[in-house]
>>> print(open('input24.txt').read())   # compact mmCIF, C-alpha atoms
# COMPACT_ATOMS: atom_id res chain seq x y z
CA MET A 1 12.38 -41.72 -5.45
CA LYS A 2 15.59 -40.45 -7.08
CA ASN A 3 18.35 -41.28 -4.62
CA LEU A 4 21.80 -40.18 -5.79
CA VAL A 5 24.95 -41.73 -4.36
CA LEU A 6 28.30 -40.15 -5.24
CA LEU A 7 31.79 -41.37 -4.45
CA VAL A 8 33.89 -38.22 -4.75
CA LYS A 9 37.68 -38.24 -5.02
CA PRO A 10 38.71 -34.69 -4.01
CA ALA A 11 42.43 -35.51 -4.04
CA ALA A 12 42.29 -37.95 -6.97
CA GLY A 13 44.97 -40.64 -6.52
CA LEU A 14 47.19 -38.55 -4.26
CA CYS A 15 48.21 -40.34 -1.06
CA ASN A 16 50.63 -39.90 1.84
CA MET A 17 51.10 -43.66 2.27
CA ASN A 18 52.52 -46.46 0.19
CA CYS A 19 50.29 -49.46 0.91
CA ARG A 20 51.61 -52.52 -0.83
CA TYR A 21 48.16 -53.83 -1.78
CA CYS A 22 46.68 -50.54 -3.04
CA PHE A 23 44.44 -51.29 -6.03
CA TYR A 24 43.94 -47.63 -6.94
CA ARG A 25 47.59 -46.81 -7.60
CA SER A 26 47.55 -48.47 -11.03
CA ALA A 27 44.22 -46.82 -11.94
CA SER A 28 45.55 -43.33 -11.18
CA GLU A 29 49.01 -43.72 -12.70
CA GLY A 30 49.63 -41.50 -15.69
CA ARG A 31 46.88 -39.08 -14.71
CA GLU A 32 47.22 -35.52 -13.55
CA ASN A 33 46.50 -36.19 -9.88
CA LYS A 34 45.59 -32.92 -8.21
CA ILE A 35 43.04 -31.46 -5.81
CA MET A 36 39.51 -30.91 -7.16
CA SER A 37 39.16 -27.30 -8.30
CA GLU A 38 36.45 -24.83 -7.27
CA GLU A 39 35.22 -24.89 -10.87
CA THR A 40 34.77 -28.67 -10.75
CA VAL A 41 33.02 -28.53 -7.37
CA ARG A 42 30.66 -25.87 -8.71
CA ALA A 43 29.92 -27.95 -11.84
CA LEU A 44 29.33 -31.08 -9.74
CA ILE A 45 26.88 -29.38 -7.40
CA ASN A 46 25.08 -27.76 -10.33
CA ARG A 47 24.63 -31.20 -11.96
CA VAL A 48 23.31 -32.58 -8.67
CA LYS A 49 20.88 -29.67 -8.36
CA GLU A 50 19.65 -30.23 -11.92
CA PHE A 51 19.18 -33.97 -11.20
CA SER A 52 16.97 -32.96 -8.23
CA PRO A 53 17.49 -36.09 -6.09
CA SER A 54 15.12 -37.02 -3.28
CA SER A 55 18.21 -37.79 -1.19
CA LEU A 56 21.94 -37.39 -1.68
CA SER A 57 24.79 -39.46 -0.25
CA VAL A 58 28.34 -38.18 -0.70
CA MET A 59 31.20 -40.56 0.07
CA PHE A 60 34.72 -39.10 -0.06
CA GLN A 61 37.58 -41.44 -0.96
CA GLY A 62 40.98 -41.26 -2.59
CA GLY A 63 43.89 -41.77 -2.70
CA GLU A 64 43.65 -39.97 0.62
CA PRO A 65 40.76 -37.47 0.58
CA THR A 66 41.94 -35.40 3.58
CA LEU A 67 44.88 -34.23 1.45
CA ALA A 68 42.36 -31.83 -0.12
CA GLY A 69 42.46 -29.95 3.19
CA LEU A 70 39.82 -28.98 5.73
CA ASP A 71 39.01 -25.78 3.82
CA PHE A 72 37.93 -27.87 0.82
CA PHE A 73 35.41 -29.85 2.86
CA GLU A 74 34.09 -26.75 4.60
CA ARG A 75 33.48 -25.02 1.27
CA PHE A 76 31.99 -28.17 -0.28
CA THR A 77 29.44 -28.72 2.51
CA GLU A 78 28.57 -25.01 2.58
CA LYS A 79 27.80 -25.09 -1.17
CA ILE A 80 25.68 -28.22 -0.72
CA ARG A 81 23.68 -26.55 2.07
CA ALA A 82 23.12 -23.50 -0.11
CA GLU A 83 22.13 -25.34 -3.29
CA ILE A 84 20.64 -28.75 -2.42
CA SER A 85 17.32 -29.01 -0.61
CA ALA A 86 17.26 -32.82 -0.36
CA PRO A 87 18.55 -34.66 2.75
CA VAL A 88 22.32 -35.18 2.50
CA SER A 89 24.55 -37.71 4.25
CA TYR A 90 28.34 -37.71 4.28
CA SER A 91 30.99 -40.37 4.76
CA LEU A 92 34.76 -40.40 4.27
CA GLN A 93 37.31 -43.20 4.01
CA THR A 94 40.72 -42.25 5.39
CA ASN A 95 44.10 -43.54 6.52
CA ALA A 96 43.61 -41.02 9.38
CA LEU A 97 47.14 -39.58 9.28
CA LEU A 98 45.90 -36.00 8.92
CA ILE A 99 43.00 -36.22 11.38
CA ASP A 100 43.34 -33.56 14.09
CA ASP A 101 40.98 -31.68 16.41
CA ALA A 102 39.84 -29.28 13.69
CA PHE A 103 38.97 -32.09 11.29
CA ALA A 104 37.21 -34.03 14.05
CA ARG A 105 35.10 -31.03 15.08
CA PHE A 106 34.10 -30.54 11.44
CA PHE A 107 33.17 -34.21 10.99
CA LYS A 108 31.04 -34.18 14.13
CA LYS A 109 29.31 -30.93 13.24
CA ASN A 110 28.40 -32.19 9.75
CA GLY A 111 27.43 -35.73 10.73
CA PHE A 112 30.20 -37.52 8.82
CA LEU A 113 30.62 -41.28 9.15
CA LEU A 114 34.31 -42.17 8.81
CA GLY A 115 35.90 -45.38 7.63
CA VAL A 116 39.35 -45.65 9.21
CA SER A 117 41.75 -48.06 7.54
CA LEU A 118 43.41 -50.32 10.11
CA ASP A 119 44.20 -53.93 9.32
CA GLY A 120 44.69 -55.01 12.95
CA GLY A 121 47.34 -54.76 15.63
CA LYS A 122 50.77 -53.29 14.89
CA LYS A 123 52.28 -56.44 13.37
CA THR A 124 49.29 -56.98 11.09
CA ASN A 125 48.91 -53.33 10.10
CA ASP A 126 52.63 -52.90 9.42
CA ARG A 127 52.58 -55.84 7.03
CA TYR A 128 51.27 -53.74 4.14
CA ARG A 129 50.36 -50.26 5.43
CA LEU A 130 53.50 -48.09 5.68
CA ASP A 131 54.28 -44.48 4.84
CA LYS A 132 56.29 -43.33 1.83
CA ASN A 133 59.55 -43.90 3.73
CA GLY A 134 58.61 -47.43 4.78
CA ASN A 135 57.84 -46.44 8.37
CA SER A 136 55.00 -47.62 10.57
CA VAL A 137 51.94 -45.38 10.76
CA PHE A 138 50.30 -47.46 13.47
CA PRO A 139 50.72 -45.06 16.43
CA ARG A 140 49.50 -42.13 14.33
CA ILE A 141 46.32 -44.01 13.41
CA LEU A 142 45.61 -44.85 17.05
CA ASN A 143 46.15 -41.22 17.99
CA ALA A 144 43.72 -40.11 15.28
CA VAL A 145 41.14 -42.63 16.49
CA SER A 146 41.42 -41.22 20.01
CA VAL A 147 40.75 -37.74 18.59
CA LEU A 148 37.64 -39.02 16.78
CA GLU A 149 36.45 -40.66 19.99
CA LYS A 150 37.12 -37.45 21.92
CA TYR A 151 34.67 -35.54 19.71
CA GLY A 152 32.15 -38.37 19.35
CA VAL A 153 32.68 -38.85 15.60
CA ASP A 154 31.08 -42.03 14.27
CA PHE A 155 33.59 -44.33 12.59
CA ASN A 156 34.02 -47.86 11.28
CA ILE A 157 37.26 -49.80 11.11
CA LEU A 158 38.18 -51.00 7.59
CA SER A 159 40.44 -54.05 7.48
CA VAL A 160 41.77 -55.65 4.29
CA ILE A 161 41.84 -59.45 4.23
CA ASP A 162 44.52 -61.37 2.32
CA ASP A 163 45.97 -64.84 2.99
CA GLU A 164 48.14 -63.67 5.89
CA ASN A 165 45.60 -61.32 7.43
CA ALA A 166 42.96 -64.05 7.17
CA ALA A 167 45.23 -66.35 9.16
CA ASP A 168 45.50 -63.63 11.84
CA ILE A 169 41.77 -63.00 12.14
CA LYS A 170 41.45 -64.36 15.69
CA SER A 171 44.13 -62.02 17.05
CA THR A 172 42.86 -59.14 14.89
CA TYR A 173 39.31 -59.55 16.19
CA ALA A 174 40.60 -59.73 19.76
CA TYR A 175 42.61 -56.56 19.19
CA PHE A 176 39.58 -54.69 17.83
CA ARG A 177 37.42 -55.86 20.72
CA LYS A 178 40.10 -54.88 23.25
CA HIS A 179 39.94 -51.33 21.88
CA LYS A 180 36.13 -51.41 21.82
CA PHE A 181 35.93 -51.05 18.06
CA SER A 182 32.41 -52.32 17.49
CA PHE A 183 31.81 -51.42 13.83
CA LEU A 184 34.02 -53.47 11.53
CA GLN A 185 34.26 -53.90 7.78
CA PHE A 186 36.50 -56.62 6.38
CA ILE A 187 37.44 -56.06 2.73
CA PRO A 188 38.65 -58.93 0.53
CA TYR A 189 41.95 -58.08 -1.14
CA ILE A 190 41.78 -57.25 -4.85
CA ASP A 191 44.58 -58.95 -6.80
CA GLU A 192 46.86 -56.37 -8.40
CA GLY A 193 49.83 -58.65 -9.04
CA CYS A 194 51.93 -57.23 -6.19
CA GLY A 195 52.69 -60.52 -4.45
CA VAL A 196 49.67 -60.32 -2.16
CA SER A 197 46.86 -62.84 -2.56
CA LEU A 198 43.62 -64.13 -1.10
CA SER A 199 42.85 -67.73 -2.00
CA ALA A 200 39.36 -69.20 -1.86
CA GLU A 201 40.57 -71.50 0.93
CA SER A 202 41.87 -68.59 3.01
CA TYR A 203 38.70 -66.60 2.43
CA GLU A 204 36.53 -69.53 3.49
CA MET A 205 38.59 -69.91 6.66
CA PHE A 206 38.23 -66.20 7.37
CA LEU A 207 34.46 -66.21 6.81
CA LYS A 208 33.94 -69.16 9.15
CA LYS A 209 36.31 -68.04 11.89
CA SER A 210 35.16 -64.41 11.92
CA PHE A 211 31.55 -65.58 12.08
CA ASP A 212 32.30 -67.86 15.04
CA LEU A 213 33.99 -64.99 16.88
CA TRP A 214 31.08 -62.69 16.11
CA TYR A 215 28.50 -65.34 17.05
CA ASP A 216 30.13 -66.05 20.41
CA ASP A 217 29.90 -62.36 21.29
CA PHE A 218 26.34 -62.10 19.97
CA ALA A 219 25.25 -65.10 22.08
CA LYS A 220 26.64 -63.32 25.14
CA GLY A 221 24.64 -60.19 24.34
CA ASP A 222 27.75 -58.33 23.18
CA TYR A 223 26.81 -57.17 19.69
CA VAL A 224 29.53 -56.25 17.19
CA SER A 225 28.62 -54.91 13.77
CA ILE A 226 30.51 -56.76 11.01
CA ARG A 227 29.27 -55.39 7.72
CA HIS A 228 28.99 -58.57 5.64
CA ILE A 229 27.31 -60.49 8.47
CA ASP A 230 24.84 -57.65 9.10
CA ASN A 231 24.00 -57.70 5.39
CA TYR A 232 23.41 -61.45 5.26
CA ILE A 233 21.03 -61.24 8.21
CA ASN A 234 19.25 -58.30 6.58
CA ILE A 235 18.79 -60.37 3.43
CA LEU A 236 17.29 -63.18 5.53
CA LEU A 237 14.95 -60.57 7.01
CA GLY A 238 13.79 -59.68 3.51
CA ARG A 239 15.66 -56.39 3.39
CA GLN A 240 17.92 -55.03 0.67
CA PRO A 241 21.64 -55.25 1.52
CA GLU A 242 23.31 -51.83 1.78
CA SER A 243 26.57 -53.13 0.28
CA CYS A 244 26.47 -52.93 -3.52
CA ALA A 245 28.84 -55.94 -3.67
CA MET A 246 26.05 -58.06 -2.17
CA CYS A 247 23.11 -56.80 -4.24
CA GLY A 248 23.67 -58.93 -7.33
CA THR A 249 23.80 -55.93 -9.64
CA CYS A 250 26.03 -52.92 -10.27
CA GLY A 251 24.96 -49.34 -10.87
CA HIS A 252 24.33 -48.13 -7.33
CA TYR A 253 26.60 -45.07 -7.37
CA PHE A 254 28.78 -42.78 -9.47
CA VAL A 255 32.48 -42.12 -8.95
CA VAL A 256 33.45 -38.47 -9.50
CA GLU A 257 37.18 -37.97 -10.01
CA ALA A 258 38.99 -34.76 -9.03
CA ASN A 259 38.93 -33.56 -12.64
CA GLY A 260 35.17 -34.16 -12.91
CA ASP A 261 35.30 -37.43 -14.86
CA ILE A 262 32.54 -39.89 -13.93
CA TYR A 263 32.85 -43.69 -13.66
CA PRO A 264 30.38 -46.44 -12.68
CA CYS A 265 32.45 -48.01 -9.89
CA ASP A 266 35.56 -47.41 -7.80
CA PHE A 267 37.08 -50.63 -9.16
CA TYR A 268 36.54 -49.59 -12.78
CA CYS A 269 37.99 -46.08 -12.95
CA LYS A 270 39.63 -46.71 -16.29
CA ASN A 271 39.27 -44.85 -19.55
CA GLU A 272 37.16 -47.57 -21.19
CA PHE A 273 34.55 -47.27 -18.43
CA LYS A 274 34.31 -43.49 -18.30
CA LEU A 275 30.65 -42.44 -18.40
CA GLY A 276 31.10 -38.71 -18.87
CA SER A 277 31.96 -35.61 -16.86
CA VAL A 278 30.32 -33.14 -14.50
CA PHE A 279 30.87 -30.63 -17.29
CA ASP A 280 28.46 -32.60 -19.51
CA GLU A 281 24.71 -32.09 -19.56
CA LYS A 282 22.76 -34.53 -17.34
CA PRO A 283 25.71 -36.86 -16.58
CA PHE A 284 23.79 -38.81 -13.91
CA LEU A 285 21.16 -40.12 -16.31
CA LEU A 286 21.64 -43.73 -17.45
CA ASN A 287 23.49 -43.89 -20.77
CA GLU A 288 24.30 -46.78 -23.10
CA LYS A 289 27.77 -47.42 -21.64
CA HIS A 290 26.43 -47.45 -18.09
CA ARG A 291 23.61 -49.81 -19.06
CA ALA A 292 26.13 -52.24 -20.60
CA PHE A 293 28.19 -52.14 -17.40
CA ILE A 294 25.13 -52.93 -15.31
CA ASP A 295 23.98 -55.70 -17.67
CA GLU A 296 27.29 -57.53 -17.26
CA SER A 297 26.65 -57.74 -13.52
CA LEU A 298 23.32 -59.47 -14.15
CA ILE A 299 24.94 -62.43 -15.93
CA ILE A 300 24.95 -65.51 -13.70
CA HIS A 301 26.45 -68.95 -14.06
CA PRO A 302 23.97 -71.78 -14.81
CA ARG A 303 24.80 -73.44 -11.49
CA CYS A 304 23.74 -70.27 -9.65
CA LYS A 305 20.15 -70.78 -10.82
CA ASP A 306 19.87 -74.02 -8.87
CA CYS A 307 22.02 -73.03 -5.87
CA LYS A 308 20.08 -72.94 -2.61
CA TYR A 309 22.23 -70.03 -1.44
CA TYR A 310 21.89 -67.78 -4.47
CA ALA A 311 19.49 -65.48 -2.60
CA LEU A 312 22.29 -64.84 -0.09
CA CYS A 313 25.24 -64.83 -2.49
CA ARG A 314 23.69 -63.16 -5.58
CA GLY A 315 26.85 -63.91 -7.50
CA GLY A 316 29.07 -61.68 -5.38
CA CYS A 317 30.87 -58.58 -6.56
CA LYS A 318 31.51 -58.22 -10.28
CA ARG A 319 35.21 -57.59 -9.63
CA ASP A 320 35.53 -61.18 -8.35
CA ARG A 321 33.80 -62.80 -11.31
CA GLU A 322 35.59 -64.75 -14.03
CA ASN A 323 34.64 -66.50 -17.28
CA GLY A 324 32.66 -63.65 -18.78
CA PHE A 325 31.44 -62.43 -15.39
CA THR A 326 29.51 -65.66 -14.73
CA ALA A 327 31.58 -67.45 -12.08
CA ASN A 328 32.77 -65.95 -8.81
CA LYS A 329 36.28 -67.08 -7.88
CA TYR A 330 35.13 -67.41 -4.25
CA CYS A 331 32.04 -69.48 -5.12
CA LYS A 332 33.17 -72.55 -3.14
CA ALA A 333 34.19 -70.40 -0.17
CA TYR A 334 30.76 -68.76 -0.05
CA TYR A 335 28.90 -72.06 -0.46
CA ASN A 336 30.85 -73.78 2.32
CA PHE A 337 30.47 -70.76 4.57
CA PHE A 338 26.70 -70.70 4.11
CA GLU A 339 26.52 -74.42 4.82
CA TYR A 340 28.41 -73.69 8.02
CA ALA A 341 26.74 -70.49 9.20
CA ALA A 342 23.36 -70.05 7.47
CA PRO A 343 21.34 -72.04 10.07
CA ARG A 344 22.62 -69.79 12.85
CA MET A 345 22.08 -66.62 10.80
CA LEU A 346 18.54 -67.77 9.98
CA ALA A 347 17.81 -68.44 13.65
CA ILE A 348 19.03 -64.94 14.52
CA ALA A 349 16.92 -63.42 11.72
CA LYS A 350 13.83 -65.25 13.03
CA SER A 351 14.55 -64.03 16.57
CA LEU A 352 14.67 -60.46 15.29
>>> encode(input="input24.txt", output="structure tokens")
Amino acid sequence: MKNLVLLVKPAAGLCNMNCRYCFYRSASEGRENKIMSEETVRALINRVKEFSPSSLSVMFQGGEPTLAGLDFFERFTEKIRAEISAPVSYSLQTNALLIDDAFARFFKKNGFLLGVSLDGGKKTNDRYRLDKNGNSVFPRILNAVSVLEKYGVDFNILSVIDDENAADIKSTYAYFRKHKFSFLQFIPYIDEGCGVSLSAESYEMFLKKSFDLWYDDFAKGDYVSIRHIDNYINILLGRQPESCAMCGTCGHYFVVEANGDIYPCDFYCKNEFKLGSVFDEKPFLLNEKHRAFIDESLIIHPRCKDCKYYALCRGGCKRDRENGFTANKYCKAYYNFFEYAAPRMLAIAKSL
């Protein structure tokens, strides 16, 4: 089985917002940020065709991918249909500001799964997620969500967790439930030195409190999908987690920038990690640089070998590891959370 997973950035680092905690701004600074050209799209699809995958997953991210325009996505999916015989799935992460009826109809027709960035209610979302003029985008996001619901487009809510957002998790969860958002993904903040932080203590509090809120609903027969909890239960069921951050190894997908450059991970789109280009021959075959990147993710701290929760934790995401990629900065938070919640997760896994 040759499954190929691509994270495509059709608008590079271009964005119509100015989120204070954006980790990609620094990675894209100094580059020629522009929309992916027809030539690059053609080269990308040709490389995919030559790779001959048994299945293809295309995830569009940015910056803000919808800045590439609806025409771009229509042409891209048409070329895929014409050239790729393998099953194809699509997803797109968006701030939703450009979502309208035409976009929604397209997403529904082509089976897109959307990730809509929304940190919580207005106060929480306005904390870090503002437009270029410093104005709230909250009502525009809610309007876009209503358009997606109108056309039956599948979507998840993506919420970034820092110290302050972690402290608000009870009200945030209540807000999401009030609006019947039942597919949630909470993303730990990545430190970019912008005055935003997520301490191990705050993260532990978030993990415990969000689990309690989820568990209370689950016990009442009101299931909510929270990505990290779903993955932990899947691991306890003997299944592979779908989140690469929870697999214990890197190398699950390729990032394709708007200019065709290829990187091993969205968090490592820097020159020293560049793997090649769609204009190279066979760029999706494992090369020496990619192997070294993956090998670093396999390094574990000696204490991990004896930890009773290593099968659940697996060292966590490489971006959170310190001391030569051996120690996860949230190690204590994960351990204490598993002590707190693992018995209940195990009981649920056994019931399933």
>>> closest_residue(input="input24.txt", among="A:Lys109, A:Lys208, A:Asn3, A:Asn95", to="Tyr335 of chain A", atoms="all atoms listed in the file")
A:Lys208
>>> atom_distance(input="input24.txt", atom1="atom CA of Pro283 of chain A", atom2="atom CA of Ser57 of chain A")
16.6 Å
>>> residues_near_point(input="input24.txt", point="(38.8, -36.9, -5.7)", cutoff="7 Å", atoms="only C-alpha atoms", output="PyMOL selection string")
chain A and resi 8-12+35-36+61-62+65+256-258
>>> residues_around(input="input24.txt", residues="Ala219 of chain A", least_positions_apart="4", cutoff="12 Å", atoms="only C-alpha atoms", output="PyMOL selection string")
chain A and resi 211-215+223-224+344-345+347-348
>>> atom_distance(input="input24.txt", atom1="atom CA of Pro53 of chain A", atom2="atom CA of Leu6 of chain A")
11.6 Å
>>> atom_distance(input="input24.txt", atom1="atom CA of Ala311 of chain A", atom2="atom CA of Ser159 of chain A")
25.9 Å
>>> closest_residue(input="input24.txt", among="A:Arg31, A:Ile169, A:Ser37, A:Cys194", to="Asn271 of chain A", atoms="only C-alpha atoms")
A:Arg31
>>> residues_around(input="input24.txt", residues="segment 238-240 of chain A", least_positions_apart="5", cutoff="12 Å", atoms="all atoms listed in the file", output="count of residues only")
16
>>> residues_around(input="input24.txt", residues="Tyr253 of chain A", least_positions_apart="6", cutoff="8 Å", atoms="all atoms listed in the file", output="VMD selection string")
chain A and resid 4 to 7 264 to 265
>>> residues_around(input="input24.txt", residues="Gly69 of chain A", least_positions_apart="5", cutoff="12 Å", atoms="all atoms listed in the file", output="ChimeraX atom specification")
/A:10-11,35-36,64,74-76,98-100,102-103,106
>>> closest_residue(input="input24.txt", among="A:Asp71, A:Asp131, A:Asp154, A:Glu288", to="Cys15 of chain A", atoms="only C-alpha atoms")
A:Asp131
>>> residues_around(input="input24.txt", residues="Ile294 of chain A", least_positions_apart="3", cutoff="8 Å", atoms="only C-alpha atoms", output="PyMOL selection string")
chain A and resi 249-251+290-291+297-298
>>> closest_residue(input="input24.txt", among="A:Asn259, A:Asn18, A:Thr172, A:Asn133", to="Lys209 of chain A", atoms="all atoms listed in the file")
A:Thr172
>>> closest_residue(input="input24.txt", among="A:Met59, A:Lys132, A:Asn156, A:Ala166", to="Glu201 of chain A", atoms="all atoms listed in the file")
A:Ala166
>>> closest_residue(input="input24.txt", among="A:Arg140, A:Arg105, A:Arg177, A:Lys289", to="Lys122 of chain A", atoms="only C-alpha atoms")
A:Arg140
>>> axis_aligned_box(input="input24.txt", around="segment 3-15 of chain A", padding_each_side="4 Å", output="lines of an AutoDock Vina configuration file")
center_x = 33.3
center_y = -38.2
center_z = -4.0
size_x = 37.9
size_y = 15.0
size_z = 13.9
>>> residues_near_point(input="input24.txt", point="(20.6, -34.6, -8.1)", cutoff="12 Å", atoms="all atoms listed in the file", output="MDAnalysis selection string")
chainID A and resid 1:6 44:58 80 83:88 254 278 282:285
>>> build_atoms(input="input24.txt", residues="segment 140-155 of chain A", atoms="N, CA, C and O atoms", output="short mmCIF file (atom, residue, chain, number, x, y, z; two decimals), in the coordinates of the input")
data_model
loop_
_atom_site.label_atom_id
_atom_site.label_comp_id
_atom_site.auth_asym_id
_atom_site.auth_seq_id
_atom_site.Cartn_x
_atom_site.Cartn_y
_atom_site.Cartn_z
N ARG A 140 50.21 -43.32 14.81
CA ARG A 140 49.50 -42.13 14.33
C ARG A 140 48.02 -42.43 14.09
O ARG A 140 47.15 -41.58 14.35
N ILE A 141 47.73 -43.63 13.61
CA ILE A 141 46.32 -44.01 13.41
C ILE A 141 45.60 -44.10 14.75
O ILE A 141 44.49 -43.58 14.90
N LEU A 142 46.24 -44.73 15.74
CA LEU A 142 45.61 -44.85 17.05
C LEU A 142 45.39 -43.48 17.67
O LEU A 142 44.36 -43.24 18.33
N ASN A 143 46.33 -42.58 17.47
CA ASN A 143 46.15 -41.22 17.99
C ASN A 143 44.97 -40.54 17.32
O ASN A 143 44.16 -39.86 17.99
N ALA A 144 44.84 -40.72 16.01
CA ALA A 144 43.72 -40.11 15.28
C ALA A 144 42.39 -40.69 15.76
O ALA A 144 41.40 -39.96 15.91
N VAL A 145 42.37 -42.00 16.00
CA VAL A 145 41.14 -42.63 16.49
C VAL A 145 40.74 -42.05 17.85
O VAL A 145 39.56 -41.79 18.11
N SER A 146 41.73 -41.81 18.70
CA SER A 146 41.42 -41.22 20.01
C SER A 146 40.84 -39.81 19.87
O SER A 146 39.98 -39.40 20.64
N VAL A 147 41.30 -39.07 18.85
CA VAL A 147 40.75 -37.74 18.59
C VAL A 147 39.30 -37.85 18.12
O VAL A 147 38.43 -37.09 18.56
N LEU A 148 39.02 -38.82 17.24
CA LEU A 148 37.64 -39.02 16.78
C LEU A 148 36.73 -39.40 17.95
O LEU A 148 35.60 -38.90 18.06
N GLU A 149 37.23 -40.26 18.82
CA GLU A 149 36.45 -40.66 19.99
C GLU A 149 36.22 -39.47 20.93
O GLU A 149 35.13 -39.33 21.51
N LYS A 150 37.22 -38.63 21.05
CA LYS A 150 37.12 -37.45 21.92
C LYS A 150 35.95 -36.55 21.51
O LYS A 150 35.24 -36.00 22.37
N TYR A 151 35.72 -36.42 20.20
CA TYR A 151 34.67 -35.54 19.71
C TYR A 151 33.39 -36.29 19.36
O TYR A 151 32.43 -35.69 18.86
N GLY A 152 33.36 -37.59 19.60
CA GLY A 152 32.15 -38.37 19.35
C GLY A 152 31.84 -38.57 17.88
O GLY A 152 30.66 -38.68 17.49
N VAL A 153 32.88 -38.62 17.03
CA VAL A 153 32.68 -38.85 15.60
C VAL A 153 32.42 -40.33 15.35
O VAL A 153 33.15 -41.18 15.85
N ASP A 154 31.38 -40.64 14.60
CA ASP A 154 31.08 -42.03 14.27
C ASP A 154 32.11 -42.55 13.28
O ASP A 154 32.41 -41.89 12.28
N PHE A 155 32.63 -43.75 13.52
CA PHE A 155 33.59 -44.33 12.59
C PHE A 155 33.51 -45.85 12.59
O PHE A 155 33.14 -46.47 13.59
#
